[in-house]
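Q: Structure incoming, see below.
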Amino acid sequence: MKTIPIAIVDDHTLMSKALENMIMENPQYRVIMNHPNGEDFIAAIEKASELPAVVLMDINMPYKNGIETTEWLSGNHPNIKVIALTMEDDEKVLIKMLKAGAKGYLLKDMQPSILFQAIDTVFDKGSFYTDFVAQKLLKVKSEDIKNASLLSELKDREKEFIKWACSELTYKEIADKMFLSPKTIDGYRDSVFTKLEIKNRVGLVLFALKHDLC
């Protein structure tokens, strides 16, 4: 039976300890690290004799937050999979975590079954997203032909819009960058959403990351 080594990085002591206790009750998982911030976690990683396969990463932490820590992991230990933990489904934060290299995100009020499903899926397949659109965008290669067709329908200015949409800019700020009116940008957004069969900005970023459009 596989045993997945897990790290928890969360500055909320009660939350992290409860999470550790819950995980350790299941013999399929081992919590080998539990740290209150990214700085302590990175220091431990650099001296560790065993590395975690999956990291449950809080986003808002002192010293080094989840985004910065995930970026470091992506650059130094790309085989370690990060699942972001957050209190709020904040679109901008999710985009930052995805760009940093997170392979999934979960709200902290998730059911234990969802947590274990996420850990297993990330460990076995590489990615886990609860959003239905994200799941559809991350399907196996059987959809590659369809996606190639979708990409061919995008105009150059729409691709430029998608690139800006991967940033932290608001749609109004994107309009300024592209020297267009907010109304025109809204038109690009609606057109892209329709062509790519997605419903929100997070779905768009996921698609863009998968197809190197960011």
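Residues in the structure tokens are numbered from 1 in each chain, the chains being A, B, ... in the order shown, and ligands are numbered from 1 in the order shown.
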Mind the document's chain letters and residue numbers, and return as a list in words the residues of segment 103-214 of chain A that DSSP labels strand (DSSP E).
A: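 Result set for segment 103-214 of chain A (strand (DSSP E)): Gly104, Tyr105, Leu106, Leu107, Phe128 and Tyr129 of chain A.
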Q: Could you give me, as a list in words, the residues within 8 Å of segment 58-69 of chain A, counting only C-alpha atoms and dropping anything in the same chain fewer than 3 positions from it?
A: Val9, Asp10, Asp11, Pro36, Asn37, Gly38, Glu39, Ile42, Trp72, Leu73, Ala84, Leu85, Thr86, Lys96, Met97 and Ala100 of chain A
Q: Name all residues at most 9 Å from segment 184-199 of chain A (count only C-alpha atoms; drop same-chain ones fewer than 3 positions away) and give them as an mmCIF file with C-alpha atoms, in the first residue's frame.
A:
```cif
data_model
loop_
_atom_site.group_PDB
_atom_site.id
_atom_site.type_symbol
_atom_site.label_atom_id
_atom_site.label_comp_id
_atom_site.auth_asym_id
_atom_site.auth_seq_id
_atom_site.Cartn_x
_atom_site.Cartn_y
_atom_site.Cartn_z
ATOM 1 C CA VAL A 133 -14.515 24.181 -15.727
ATOM 2 C CA ALA A 134 -10.970 23.635 -14.475
ATOM 3 C CA LEU A 137 -9.773 22.135 -19.148
ATOM 4 C CA ASN A 147 -8.333 22.452 -27.849
ATOM 5 C CA LEU A 150 -10.351 26.282 -30.118
ATOM 6 C CA LEU A 151 -6.926 27.919 -30.197
ATOM 7 C CA GLU A 153 -10.260 30.428 -33.522
ATOM 8 C CA LEU A 154 -8.527 33.026 -31.352
ATOM 9 C CA ARG A 157 -5.772 40.653 -30.065
ATOM 10 C CA GLU A 158 -7.736 38.019 -28.147
ATOM 11 C CA LYS A 159 -4.509 36.164 -27.413
ATOM 12 C CA PHE A 161 -6.031 39.933 -23.965
ATOM 13 C CA ILE A 162 -5.584 36.423 -22.550
ATOM 14 C CA TYR A 171 -10.240 44.493 -16.836
ATOM 15 C CA LYS A 172 -10.207 48.310 -16.806
ATOM 16 C CA ILE A 174 -6.082 45.767 -19.156
ATOM 17 C CA ALA A 175 -8.073 48.136 -21.369
ATOM 18 C CA MET A 178 -4.150 47.587 -24.722
ATOM 19 C CA LEU A 180 -8.833 50.089 -25.817
ATOM 20 C CA SER A 181 -12.078 51.037 -24.142
ATOM 21 C CA VAL A 202 -9.769 31.340 -13.293
ATOM 22 C CA GLY A 203 -10.830 28.919 -16.020
ATOM 23 C CA LEU A 204 -9.246 31.209 -18.610
ATOM 24 C CA PHE A 207 -6.455 27.151 -20.093
#
```
Q: For atom CA of His35 of chain A and atom CA of His12 of chain A, quote the distance in Å rounded to one decimal.
A: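 Calculated distance between atom CA of His35 of chain A and atom CA of His12 of chain A is 9.8 Å.
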Q: Give me the residues within 10 Å of Leu209 of chain A as a count of residues only, counting only C-alpha atoms and dropping any in the same chain fewer than 6 places off.
A: 6
Q: Just want the 12 Å neighbourhood of segment 118-131 of chain A, counted on only C-alpha atoms, with same-chain residues fewer than 3 positions away dropped. Output as a count of residues only.
A: 54
